[in-house]
Amino acid sequence: MSSPRKGTSRPELHSPKEPVEPQTPVQGTQQASSGDTPSTQHEDTCLILGTFRRAFSQTSKQASGRAHSSFLFRSFRRAVDDSPAADQCQATAVPGAGQGPEVPPTVADGVSQQRSTRVVPEEPEPEAGQSVADLIAERQLLAAFKQLQHLETRLVAENVSRTFEQNPTDFARRAMDVCLHYDVLATEIAAIVRETLGPDGVDAASLAEVAHVVRAEEEAHPMPAADGDFLRTPRRWRQHWEQAVRRSAQERVQQAGAKEPPEAAEGAAGLARPLAELGSLVRSDLQKVKEEVQPAYEAAGFPAWETYLRAFHDAVAQRLQELARDARGCEELYILLDWAANVYRSPNFLGSPDLTLSTEPLPPLLAPEVWAGLESDYTSFLESKIASCFDGILQLEQSSWAAAKPPDVLQGRYHTQLSIDVHMLVAEHVKAAGAISAELEATTLRICGRALGLFLRRFEKAFLESEAVSEPHLGANINACEELRTSLLARFPRALAELEKPLVATICVFQKHLLQALQRDVQETLQEVHRYVIREYLTQALRPHERFRGIDRVTGSERMGQDAQAIGNTFQSLGSEATWLGHAIPCVADILGETYKDNIQQHLETLIRNYPDIRQDHVLAILALRRLGRRRNQRLLQHAQDLLRAAATAGGSRTSGGHVLFEEIEVPTSVDMLITCI
């Protein structure tokens with residue numbers, strides 16, 4: 001910390017026995033106040049004008065009834081009321097000053113002379129040692145106060161003894177000098193407070209002087225004098241010191257983020273920078289208060305930590321409300337809410353667990369209505385952001401479908417990123433909101449629930465309209481929805497209970513399409529097996545070791561009919577829809593067992609009509625199963641050839657719906673077939 005300033009002059013208190021010479025503004029006071037802000041200068045003016053009013057009011061009471069008093073007070077009123085700060089300093093004036101008797105003209109002339117410069121108190125010659133002005137300049141505040149108190153006591157005593165009964169102007173001048181030096185001392189206290197957290201700082205001795213002089217003033221002036229003597233009125237330096245601390249904190253806090261224009265950064269980064277600077281400045285200043293300033297005050301029995309803490313808290317609250325008015329977008333609003341709820345309120349905000357922000361409850365940084373407004377704006381932006389995130393998830397799924405990429409298989413189950421993406425989206429925003437407040441967390445959950453319900457309907461519609469509908473994708477989507485229903489709803493049972501119905505409905509739709517797809521596949525497989533059994537049966541039936549004769553032919557025909565019935569019943573019970581296969585074996589059995597040979601041609605026509613893929617060698621193999629005459633065989637073969645040519649002209653197997661049976665049956669050439677052909 002810096003040492004007290006030396007070599008500066010202060011207003012001199014002159015002896016009442018010496019004539020008073022006009023003085024220029026006090027150089028030491030001007031030097032101490034060269035860095036004053038407008039608010040500080042305004043306060044100094046208020047202090048001085050208040051001193052004027054008290055002095056003139058008291059003097060006017062003593063000079064009541066004198067003929068020249070009216071003119072004197074009017075001159076004083078003009079001097080004070082013409083000041084720019086006069087109207088703002090009415091609170092410091094003694095009530096009734098404007099209506100009381102007038103003051104001597106010499107005092108009013110002194111006031112008029114000081115309008116253009118700082119007020120210059122006149123100092124009586126000290127009895128011994130340094131003057132009050134020099135003591136204040138060297139920041140020996142307690143010694144200066146003791147001298148002023150001595151002068152005050154002597155002046156009050158002289159006034160009580162009616163020393164100034166014939167010369168009230170002299171009393172007013174001397175009383176004003178004492179009061180003005182009190183005000184200069186108070187101004188020096190404010191200057192020390194302002195410099196305490198500056199780059200050079202203030203030494204511990206000066207801080208102790210402030211504490212001692214404030215306590216000394218409170219002991220000297222515990223309450224207003226019973227006779228209304230303004231000299232013994234409490235100066236309220238403790239409140240003055242607290243106001244100086246608040247001004248210092250406000251000035252320091254307003255510096256945070258003021259180095260760069262707001263346009264230098266946009267978005268969340270633009271708000272994060274001033275908040276980071278604000279936190280760093282408050283942290284360093286309060287650490288300095290705790291480690292350097294507080295011990296110096298505490299040694300003098302003067303608590304400072306709570307005052308500085310509350311001053312910085314109020315300054316941060318004011319700054320935060322200014323930033324809140326300019327916050328835009330979801331990210332900026334969240335950064336602001338998070339800083340107020342978590343960063344500032346963190347136990348480690350001051351950088352050490354030993355330093356805490358409050359020894360007693362502090363008011364909220366943001367007023368409840370401001371906080372509620374910020375949360376409302378944040379949730380409005382959040383709804384749009386979450387809806388946009390679900391749009392992105394849908395686009396990713398659609399890209400995967402368009403790429404014809406099959407779903408992954410995890411632990412024997414089809415898997416898609418849908419469930420993971422939705423879980424991460426909900427968990428991220430709910431966790432972030434929960435860090436701010438329980439109310440914001442509940443609101444965020446409701447927003448996520450509504451957005452997910454809308455997303456499910458859009459996802460279902462987009463998938464079923466795509467070309468990716470297949471058993472693997474259907475299975476993956478069913479698994480994803482089931483994971484959401486079991487895990488997400490189990491984690492937030494109350495907030496997301498409304499999602500139960502849309503999730504179940506989506507799962508049912510996908511399951512229905514999956515079952516239909518599986519049934520199509522099963523039916524195709526079943527029909528292929530059915531066709532295979534019929535084909536293999538006919539292949540074996542058309543390869544006899546010998547021709548059937550008599551009773552064997554009839555018995556064989558009946559056996560083939562029974563086998564056909566058994567095969568048909570079996571596949572029908574399995575759900576096979578290939579009813580066209582049921583006529584092949586019975587037709588061959590009818591040709592084999594027909595006792596009236598003229599009817600064989602009808603059975604042959606039925607066979608060719610139902611199975612246009614049959615070839616001439618198949619007809620030969622069938623006719624070779626029984627003994628027919630040469631002419632009958634030739635006639636049947638010729639008729640069969642005519643039917644086959646007609647079928648070929650009409651499109652062959654295409655006319656039967658693409659059914660293929662005999663085309664895949666290979667018939668070996670045998671002696672019986674050759675005989676039949678001959």
# chains A, B, ... in the order shown; residues from 1 in each chain; ligands from 1

call {"tool": "residues_around", "arguments": {"residues": "A:Ala256", "least_positions_apart": "5", "cutoff": "10 Å", "atoms": "only C-alpha atoms", "output": "number ranges by chain"}}
result
A: 251, 273-282, 319

call {"tool": "atom_distance", "arguments": {"atom1": "atom CA of A:Val422", "atom2": "atom CA of A:Leu337"}}
result
24.9 Å

call {"tool": "residues_around", "arguments": {"residues": "A:Ile622", "least_positions_apart": "3", "cutoff": "9 Å", "atoms": "only C-alpha atoms", "output": "PDB file with all heavy atoms, in the first residue's frame"}}
result
ATOM      1  N   ALA A 541     -42.813 -90.143 -58.991  1.00  0.00           N
ATOM      2  CA  ALA A 541     -43.958 -90.862 -59.585  1.00  0.00           C
ATOM      3  C   ALA A 541     -43.777 -91.097 -61.075  1.00  0.00           C
ATOM      4  O   ALA A 541     -44.277 -92.109 -61.631  1.00  0.00           O
ATOM      5  CB  ALA A 541     -45.241 -90.088 -59.339  1.00  0.00           C
ATOM      6  N   LEU A 542     -43.081 -90.213 -61.786  1.00  0.00           N
ATOM      7  CA  LEU A 542     -42.888 -90.349 -63.227  1.00  0.00           C
ATOM      8  C   LEU A 542     -41.673 -91.204 -63.570  1.00  0.00           C
ATOM      9  O   LEU A 542     -41.291 -91.276 -64.745  1.00  0.00           O
ATOM     10  CB  LEU A 542     -42.756 -88.956 -63.875  1.00  0.00           C
ATOM     11  CG  LEU A 542     -43.984 -88.047 -63.752  1.00  0.00           C
ATOM     12  CD1 LEU A 542     -43.733 -86.713 -64.442  1.00  0.00           C
ATOM     13  CD2 LEU A 542     -45.214 -88.723 -64.339  1.00  0.00           C
ATOM     14  N   VAL A 588     -52.611 -86.359 -62.157  1.00  0.00           N
ATOM     15  CA  VAL A 588     -51.827 -87.518 -62.588  1.00  0.00           C
ATOM     16  C   VAL A 588     -52.473 -88.811 -62.069  1.00  0.00           C
ATOM     17  O   VAL A 588     -52.538 -89.827 -62.781  1.00  0.00           O
ATOM     18  CB  VAL A 588     -50.378 -87.387 -62.095  1.00  0.00           C
ATOM     19  CG1 VAL A 588     -49.580 -88.651 -62.435  1.00  0.00           C
ATOM     20  CG2 VAL A 588     -49.716 -86.160 -62.724  1.00  0.00           C
ATOM     21  N   ILE A 591     -55.458 -89.705 -64.238  1.00  0.00           N
ATOM     22  CA  ILE A 591     -55.059 -90.314 -65.519  1.00  0.00           C
ATOM     23  C   ILE A 591     -54.660 -91.772 -65.305  1.00  0.00           C
ATOM     24  O   ILE A 591     -54.987 -92.667 -66.101  1.00  0.00           O
ATOM     25  CB  ILE A 591     -53.923 -89.515 -66.154  1.00  0.00           C
ATOM     26  CG1 ILE A 591     -54.425 -88.105 -66.563  1.00  0.00           C
ATOM     27  CG2 ILE A 591     -53.352 -90.242 -67.374  1.00  0.00           C
ATOM     28  CD1 ILE A 591     -53.335 -87.193 -67.080  1.00  0.00           C
ATOM     29  N   LEU A 592     -53.959 -91.999 -64.182  1.00  0.00           N
ATOM     30  CA  LEU A 592     -53.503 -93.358 -63.908  1.00  0.00           C
ATOM     31  C   LEU A 592     -54.662 -94.291 -63.558  1.00  0.00           C
ATOM     32  O   LEU A 592     -54.696 -95.460 -63.985  1.00  0.00           O
ATOM     33  CB  LEU A 592     -52.487 -93.334 -62.760  1.00  0.00           C
ATOM     34  CG  LEU A 592     -51.914 -94.692 -62.312  1.00  0.00           C
ATOM     35  CD1 LEU A 592     -51.151 -95.357 -63.473  1.00  0.00           C
ATOM     36  CD2 LEU A 592     -51.004 -94.541 -61.103  1.00  0.00           C
ATOM     37  N   ASP A 617     -42.499 -84.368 -73.010  1.00  0.00           N
ATOM     38  CA  ASP A 617     -41.903 -85.541 -72.368  1.00  0.00           C
ATOM     39  C   ASP A 617     -42.595 -85.869 -71.052  1.00  0.00           C
ATOM     40  O   ASP A 617     -42.639 -87.020 -70.607  1.00  0.00           O
ATOM     41  CB  ASP A 617     -40.405 -85.331 -72.144  1.00  0.00           C
ATOM     42  CG  ASP A 617     -40.114 -84.070 -71.368  1.00  0.00           C
ATOM     43  OD1 ASP A 617     -41.023 -83.220 -71.228  1.00  0.00           O
ATOM     44  OD2 ASP A 617     -38.970 -83.902 -70.892  1.00  0.00           O
ATOM     45  N   HIS A 618     -43.163 -84.795 -70.363  1.00  0.00           N
ATOM     46  CA  HIS A 618     -43.929 -85.068 -69.154  1.00  0.00           C
ATOM     47  C   HIS A 618     -45.215 -85.832 -69.487  1.00  0.00           C
ATOM     48  O   HIS A 618     -45.613 -86.759 -68.765  1.00  0.00           O
ATOM     49  CB  HIS A 618     -44.274 -83.750 -68.437  1.00  0.00           C
ATOM     50  CG  HIS A 618     -43.083 -82.998 -67.954  1.00  0.00           C
ATOM     51  ND1 HIS A 618     -42.826 -81.702 -68.301  1.00  0.00           N
ATOM     52  CD2 HIS A 618     -42.042 -83.386 -67.158  1.00  0.00           C
ATOM     53  CE1 HIS A 618     -41.706 -81.298 -67.736  1.00  0.00           C
ATOM     54  NE2 HIS A 618     -41.204 -82.329 -67.028  1.00  0.00           N
ATOM     55  N   VAL A 619     -45.856 -85.438 -70.623  1.00  0.00           N
ATOM     56  CA  VAL A 619     -47.078 -86.143 -71.047  1.00  0.00           C
ATOM     57  C   VAL A 619     -46.765 -87.596 -71.395  1.00  0.00           C
ATOM     58  O   VAL A 619     -47.499 -88.522 -71.041  1.00  0.00           O
ATOM     59  CB  VAL A 619     -47.726 -85.421 -72.231  1.00  0.00           C
ATOM     60  CG1 VAL A 619     -48.953 -86.202 -72.732  1.00  0.00           C
ATOM     61  CG2 VAL A 619     -48.113 -83.998 -71.852  1.00  0.00           C
ATOM     62  N   LEU A 625     -47.359 -94.590 -67.765  1.00  0.00           N
ATOM     63  CA  LEU A 625     -47.661 -95.259 -66.501  1.00  0.00           C
ATOM     64  C   LEU A 625     -48.674 -96.393 -66.685  1.00  0.00           C
ATOM     65  O   LEU A 625     -48.793 -97.253 -65.816  1.00  0.00           O
ATOM     66  CB  LEU A 625     -48.191 -94.234 -65.475  1.00  0.00           C
ATOM     67  CG  LEU A 625     -47.200 -93.172 -64.984  1.00  0.00           C
ATOM     68  CD1 LEU A 625     -47.903 -92.200 -64.051  1.00  0.00           C
ATOM     69  CD2 LEU A 625     -46.003 -93.832 -64.292  1.00  0.00           C
ATOM     70  N   ARG A 626     -49.426 -96.366 -67.773  1.00  0.00           N
ATOM     71  CA  ARG A 626     -50.441 -97.391 -67.987  1.00  0.00           C
ATOM     72  C   ARG A 626     -50.371 -97.884 -69.433  1.00  0.00           C
ATOM     73  O   ARG A 626     -49.752 -97.247 -70.286  1.00  0.00           O
ATOM     74  CB  ARG A 626     -51.816 -96.839 -67.674  1.00  0.00           C
ATOM     75  CG  ARG A 626     -52.218 -95.641 -68.497  1.00  0.00           C
ATOM     76  CD  ARG A 626     -53.597 -95.164 -68.115  1.00  0.00           C
ATOM     77  NE  ARG A 626     -54.588 -96.221 -68.334  1.00  0.00           N
ATOM     78  CZ  ARG A 626     -55.832 -96.164 -67.886  1.00  0.00           C
ATOM     79  NH1 ARG A 626     -56.221 -95.123 -67.154  1.00  0.00           N
ATOM     80  NH2 ARG A 626     -56.694 -97.125 -68.147  1.00  0.00           N
TER      81      ARG A 626
END

call {"tool": "closest_residue", "arguments": {"among": "A:Glu397, A:Asp613, A:Glu375, A:Asp598", "to": "A:Ile335", "atoms": "only C-alpha atoms"}}
result
A:Glu375

call {"tool": "closest_residue", "arguments": {"among": "A:Arg615, A:His639, A:His313, A:Arg194", "to": "A:Leu362", "atoms": "only C-alpha atoms"}}
result
A:His313

call {"tool": "atom_distance", "arguments": {"atom1": "atom CA of A:Gly392", "atom2": "atom CA of A:Leu271"}}
result
26.9 Å

call {"tool": "closest_residue", "arguments": {"among": "A:Gly593, A:Pro363, A:Pro303, A:Gly575", "to": "A:Thr555", "atoms": "only C-alpha atoms"}}
result
A:Gly593

call {"tool": "residues_around", "arguments": {"residues": "A:Leu503", "least_positions_apart": "2", "cutoff": "9 Å", "atoms": "only C-alpha atoms", "output": "PyMOL selection string"}}
result
chain A and resi 453+456+481-482+484-485+499-501+505-508

call {"tool": "write_last_selection", "arguments": {"atoms": "C-alpha atoms", "output": "PDB file, in the first residue's frame"}}
result
ATOM      1  CA  GLY A 453     -44.216 -36.490 -28.731  1.00  0.00           C
ATOM      2  CA  LEU A 456     -42.377 -39.527 -32.767  1.00  0.00           C
ATOM      3  CA  CYS A 481     -38.706 -46.790 -28.883  1.00  0.00           C
ATOM      4  CA  GLU A 482     -38.825 -49.534 -26.279  1.00  0.00           C
ATOM      5  CA  LEU A 484     -37.121 -44.724 -24.550  1.00  0.00           C
ATOM      6  CA  ARG A 485     -40.271 -46.092 -22.962  1.00  0.00           C
ATOM      7  CA  LEU A 499     -45.125 -39.932 -23.547  1.00  0.00           C
ATOM      8  CA  GLU A 500     -46.309 -43.442 -22.653  1.00  0.00           C
ATOM      9  CA  LYS A 501     -49.187 -43.448 -25.165  1.00  0.00           C
ATOM     10  CA  ALA A 505     -48.560 -46.374 -30.401  1.00  0.00           C
ATOM     11  CA  THR A 506     -45.378 -45.979 -32.443  1.00  0.00           C
ATOM     12  CA  ILE A 507     -44.072 -49.344 -31.265  1.00  0.00           C
ATOM     13  CA  CYS A 508     -47.362 -51.007 -32.257  1.00  0.00           C
TER      14      CYS A 508
END

call {"tool": "atom_distance", "arguments": {"atom1": "atom CA of A:Val522", "atom2": "atom CA of A:Thr570"}}
result
15.5 Å

call {"tool": "select_by_dssp", "arguments": {"residues": "stretch 374-445 of chain A", "states": "strand (DSSP E)", "output": "JSON, numbers by chain"}}
result
{"A": [408, 409, 410, 413, 414, 415]}

call {"tool": "write_last_selection", "arguments": {"atoms": "C-alpha atoms", "output": "compact mmCIF listing (two decimals), in the first residue's frame"}}
result
# COMPACT_ATOMS: atom_id res chain seq x y z
CA ASP A 408 -25.85 -52.16 -36.25
CA VAL A 409 -26.27 -55.31 -34.18
CA LEU A 410 -25.43 -55.03 -30.48
CA ARG A 413 -30.30 -56.96 -31.26
CA TYR A 414 -30.71 -54.45 -34.05
CA HIS A 415 -29.60 -51.03 -32.85

call {"tool": "select_by_dssp", "arguments": {"residues": "stretch 255-394 of chain A", "states": "alpha helix (DSSP H)", "output": "JSON, numbers by chain"}}
result
{"A": [255, 267, 268, 269, 270, 271, 272, 273, 274, 275, 276, 277, 278, 279, 280, 281, 282, 283, 284, 285, 286, 287, 288, 294, 295, 296, 297, 298, 299, 305, 306, 307, 308, 309, 310, 311, 312, 313, 314, 315, 316, 317, 318, 319, 320, 321, 322, 323, 324, 325, 326, 329, 330, 331, 332, 333, 334, 335, 336, 337, 338, 368, 369, 370, 371, 372, 373, 374, 375, 376, 377, 378, 379, 380, 381, 382, 383, 384, 385, 386, 387, 388, 389, 390, 391, 392, 393, 394]}

call {"tool": "write_last_selection", "arguments": {"atoms": "C-alpha atoms", "output": "compact mmCIF listing (two decimals), in the first residue's frame"}}
result
# COMPACT_ATOMS: atom_id res chain seq x y z
CA GLN A 255 -15.02 -1.20 -15.05
CA GLY A 267 -23.50 -14.20 -28.96
CA ALA A 268 -22.69 -16.16 -25.85
CA ALA A 269 -19.00 -15.27 -26.06
CA GLY A 270 -19.88 -11.57 -25.96
CA LEU A 271 -21.68 -11.99 -22.62
CA ALA A 272 -19.26 -14.53 -21.19
CA ARG A 273 -16.35 -12.09 -21.43
CA PRO A 274 -17.77 -9.29 -19.22
CA LEU A 275 -19.10 -11.86 -16.76
CA ALA A 276 -15.69 -13.50 -16.54
CA GLU A 277 -14.05 -10.10 -16.01
CA LEU A 278 -16.69 -9.20 -13.45
CA GLY A 279 -16.08 -12.39 -11.49
CA SER A 280 -12.32 -11.93 -11.63
CA LEU A 281 -12.49 -8.31 -10.45
CA VAL A 282 -14.92 -9.02 -7.59
CA ARG A 283 -12.86 -12.01 -6.55
CA SER A 284 -9.56 -10.11 -6.47
CA ASP A 285 -11.05 -7.06 -4.72
CA LEU A 286 -12.80 -9.07 -2.02
CA GLN A 287 -9.67 -11.14 -1.49
CA LYS A 288 -7.76 -7.91 -0.99
CA GLN A 294 -10.21 -5.98 6.95
CA PRO A 295 -7.24 -6.65 9.28
CA ALA A 296 -6.33 -2.96 9.28
CA TYR A 297 -9.87 -1.90 10.20
CA GLU A 298 -10.35 -4.80 12.58
CA ALA A 299 -7.28 -3.80 14.57
CA TRP A 305 -15.77 -7.13 5.63
CA GLU A 306 -19.56 -7.14 5.83
CA THR A 307 -19.78 -3.59 4.52
CA TYR A 308 -17.53 -4.28 1.54
CA LEU A 309 -19.26 -7.58 0.89
CA ARG A 310 -22.73 -6.04 0.78
CA ALA A 311 -21.46 -3.10 -1.29
CA PHE A 312 -19.97 -5.39 -3.92
CA HIS A 313 -23.07 -7.58 -3.84
CA ASP A 314 -25.31 -4.60 -4.57
CA ALA A 315 -22.94 -3.35 -7.28
CA VAL A 316 -22.84 -6.78 -8.94
CA ALA A 317 -26.64 -6.95 -8.79
CA GLN A 318 -26.93 -3.60 -10.53
CA ARG A 319 -24.40 -4.63 -13.18
CA LEU A 320 -26.10 -7.96 -13.74
CA GLN A 321 -29.46 -6.29 -14.31
CA GLU A 322 -27.81 -4.05 -16.90
CA LEU A 323 -26.42 -7.10 -18.70
CA ALA A 324 -29.78 -8.86 -18.41
CA ARG A 325 -31.48 -6.11 -20.40
CA ASP A 326 -29.15 -6.76 -23.35
CA GLY A 329 -30.74 -15.86 -27.35
CA CYS A 330 -30.84 -19.11 -25.45
CA GLU A 331 -27.08 -19.32 -24.84
CA GLU A 332 -26.71 -15.77 -23.50
CA LEU A 333 -29.68 -16.11 -21.19
CA TYR A 334 -28.41 -19.42 -19.84
CA ILE A 335 -24.90 -18.01 -19.25
CA LEU A 336 -26.42 -15.14 -17.29
CA LEU A 337 -28.66 -17.40 -15.20
CA ASP A 338 -25.87 -19.90 -14.61
CA PRO A 368 -37.74 -12.06 -8.44
CA GLU A 369 -39.63 -10.48 -11.32
CA VAL A 370 -36.40 -10.01 -13.30
CA TRP A 371 -35.36 -13.60 -12.63
CA ALA A 372 -38.80 -14.88 -13.67
CA GLY A 373 -38.62 -12.83 -16.86
CA LEU A 374 -35.19 -14.23 -17.73
CA GLU A 375 -36.38 -17.80 -17.14
CA SER A 376 -39.45 -17.16 -19.30
CA ASP A 377 -37.33 -15.77 -22.14
CA TYR A 378 -34.91 -18.68 -21.79
CA THR A 379 -37.65 -21.30 -22.02
CA SER A 380 -39.11 -19.60 -25.09
CA PHE A 381 -35.76 -19.81 -26.85
CA LEU A 382 -35.27 -23.34 -25.49
CA GLU A 383 -38.46 -24.61 -27.15
CA SER A 384 -37.17 -23.54 -30.55
CA LYS A 385 -33.72 -24.95 -29.86
CA ILE A 386 -35.00 -28.38 -28.75
CA ALA A 387 -37.35 -28.57 -31.74
CA SER A 388 -34.37 -27.78 -33.97
CA CYS A 389 -32.35 -30.55 -32.29
CA PHE A 390 -35.08 -33.09 -33.00
CA ASP A 391 -35.12 -31.91 -36.62
CA GLY A 392 -31.41 -32.67 -36.74
CA ILE A 393 -31.93 -36.16 -35.32
CA LEU A 394 -34.58 -36.88 -37.97

call {"tool": "residues_around", "arguments": {"residues": "A:Leu155", "least_positions_apart": "6", "cutoff": "10 Å", "atoms": "only C-alpha atoms", "output": "ChimeraX atom specification"}}
result
/A:149,161,163-164,171,174-175,178,231

call {"tool": "residues_around", "arguments": {"residues": "A:Leu207", "least_positions_apart": "2", "cutoff": "10 Å", "atoms": "only C-alpha atoms", "output": "list in words"}}
result
Arg139, Ile189, Ile192, Val193, Thr196, Val202, Asp203, Ala204, Ala205, Glu209, Val210, Ala211, His212, Glu292, Val293, Gln294, Pro295, Ala296, Tyr297, Glu298, Ala299 and Ala300 of chain A

call {"tool": "write_last_selection", "arguments": {"atoms": "N, CA and C atoms", "output": "PDB file, in the first residue's frame"}}
result
ATOM      1  N   ARG A 139      -2.630  12.860   6.294  1.00  0.00           N
ATOM      2  CA  ARG A 139      -3.557  11.793   6.664  1.00  0.00           C
ATOM      3  C   ARG A 139      -3.397  11.340   8.114  1.00  0.00           C
ATOM      4  N   ILE A 189     -11.637  11.051   4.062  1.00  0.00           N
ATOM      5  CA  ILE A 189     -12.025   9.665   4.347  1.00  0.00           C
ATOM      6  C   ILE A 189     -12.525   8.991   3.077  1.00  0.00           C
ATOM      7  N   ILE A 192      -9.639   8.178   0.764  1.00  0.00           N
ATOM      8  CA  ILE A 192      -8.898   6.986   1.197  1.00  0.00           C
ATOM      9  C   ILE A 192      -9.657   5.718   0.811  1.00  0.00           C
ATOM     10  N   VAL A 193     -10.966   5.732   1.006  1.00  0.00           N
ATOM     11  CA  VAL A 193     -11.761   4.560   0.630  1.00  0.00           C
ATOM     12  C   VAL A 193     -11.668   4.311  -0.870  1.00  0.00           C
ATOM     13  N   THR A 196      -8.384   2.761  -1.792  1.00  0.00           N
ATOM     14  CA  THR A 196      -8.028   1.503  -1.118  1.00  0.00           C
ATOM     15  C   THR A 196      -7.891   0.347  -2.096  1.00  0.00           C
ATOM     16  N   VAL A 202      -3.737   1.733  -0.353  1.00  0.00           N
ATOM     17  CA  VAL A 202      -3.540   2.615   0.794  1.00  0.00           C
ATOM     18  C   VAL A 202      -2.909   1.798   1.907  1.00  0.00           C
ATOM     19  N   ASP A 203      -1.973   2.432   2.639  1.00  0.00           N
ATOM     20  CA  ASP A 203      -1.286   1.686   3.690  1.00  0.00           C
ATOM     21  C   ASP A 203      -2.229   1.419   4.853  1.00  0.00           C
ATOM     22  N   ALA A 204      -1.868   0.429   5.637  1.00  0.00           N
ATOM     23  CA  ALA A 204      -2.712   0.008   6.748  1.00  0.00           C
ATOM     24  C   ALA A 204      -2.881   1.105   7.786  1.00  0.00           C
ATOM     25  N   ALA A 205      -1.867   1.961   7.938  1.00  0.00           N
ATOM     26  CA  ALA A 205      -1.952   3.031   8.927  1.00  0.00           C
ATOM     27  C   ALA A 205      -3.066   4.011   8.572  1.00  0.00           C
ATOM     28  N   GLU A 209      -6.379   4.909  10.637  1.00  0.00           N
ATOM     29  CA  GLU A 209      -6.753   6.281  10.957  1.00  0.00           C
ATOM     30  C   GLU A 209      -8.226   6.523  10.651  1.00  0.00           C
ATOM     31  N   VAL A 210      -8.685   6.000   9.500  1.00  0.00           N
ATOM     32  CA  VAL A 210     -10.097   6.150   9.149  1.00  0.00           C
ATOM     33  C   VAL A 210     -10.980   5.524  10.215  1.00  0.00           C
ATOM     34  N   ALA A 211     -10.647   4.309  10.619  1.00  0.00           N
ATOM     35  CA  ALA A 211     -11.456   3.627  11.625  1.00  0.00           C
ATOM     36  C   ALA A 211     -11.461   4.398  12.943  1.00  0.00           C
ATOM     37  N   HIS A 212     -10.285   4.853  13.355  1.00  0.00           N
ATOM     38  CA  HIS A 212     -10.197   5.558  14.640  1.00  0.00           C
ATOM     39  C   HIS A 212     -10.953   6.875  14.605  1.00  0.00           C
ATOM     40  N   GLU A 292      -6.119  -7.758   3.419  1.00  0.00           N
ATOM     41  CA  GLU A 292      -5.362  -6.548   3.740  1.00  0.00           C
ATOM     42  C   GLU A 292      -6.210  -5.479   4.417  1.00  0.00           C
ATOM     43  N   VAL A 293      -7.383  -5.215   3.858  1.00  0.00           N
ATOM     44  CA  VAL A 293      -8.186  -4.100   4.358  1.00  0.00           C
ATOM     45  C   VAL A 293      -8.852  -4.444   5.688  1.00  0.00           C
ATOM     46  N   GLN A 294      -9.497  -5.595   5.736  1.00  0.00           N
ATOM     47  CA  GLN A 294     -10.208  -5.977   6.947  1.00  0.00           C
ATOM     48  C   GLN A 294      -9.292  -6.040   8.174  1.00  0.00           C
ATOM     49  N   PRO A 295      -8.101  -6.641   8.087  1.00  0.00           N
ATOM     50  CA  PRO A 295      -7.238  -6.649   9.284  1.00  0.00           C
ATOM     51  C   PRO A 295      -6.894  -5.255   9.783  1.00  0.00           C
ATOM     52  N   ALA A 296      -6.675  -4.314   8.852  1.00  0.00           N
ATOM     53  CA  ALA A 296      -6.332  -2.960   9.282  1.00  0.00           C
ATOM     54  C   ALA A 296      -7.488  -2.304  10.020  1.00  0.00           C
ATOM     55  N   TYR A 297      -8.700  -2.450   9.515  1.00  0.00           N
ATOM     56  CA  TYR A 297      -9.865  -1.900  10.198  1.00  0.00           C
ATOM     57  C   TYR A 297     -10.166  -2.657  11.487  1.00  0.00           C
ATOM     58  N   GLU A 298     -10.006  -3.975  11.418  1.00  0.00           N
ATOM     59  CA  GLU A 298     -10.352  -4.798  12.577  1.00  0.00           C
ATOM     60  C   GLU A 298      -9.455  -4.495  13.763  1.00  0.00           C
ATOM     61  N   ALA A 299      -8.189  -4.137  13.481  1.00  0.00           N
ATOM     62  CA  ALA A 299      -7.277  -3.796  14.567  1.00  0.00           C
ATOM     63  C   ALA A 299      -7.761  -2.575  15.330  1.00  0.00           C
ATOM     64  N   ALA A 300      -8.525  -1.725  14.647  1.00  0.00           N
ATOM     65  CA  ALA A 300      -9.081  -0.539  15.301  1.00  0.00           C
ATOM     66  C   ALA A 300     -10.506  -0.778  15.784  1.00  0.00           C
TER      67      ALA A 300
END

call {"tool": "residues_around", "arguments": {"residues": "A:Thr525", "least_positions_apart": "5", "cutoff": "12 Å", "atoms": "only C-alpha atoms", "output": "PyMOL selection string"}}
result
chain A and resi 518-520+530-532+571+574-578
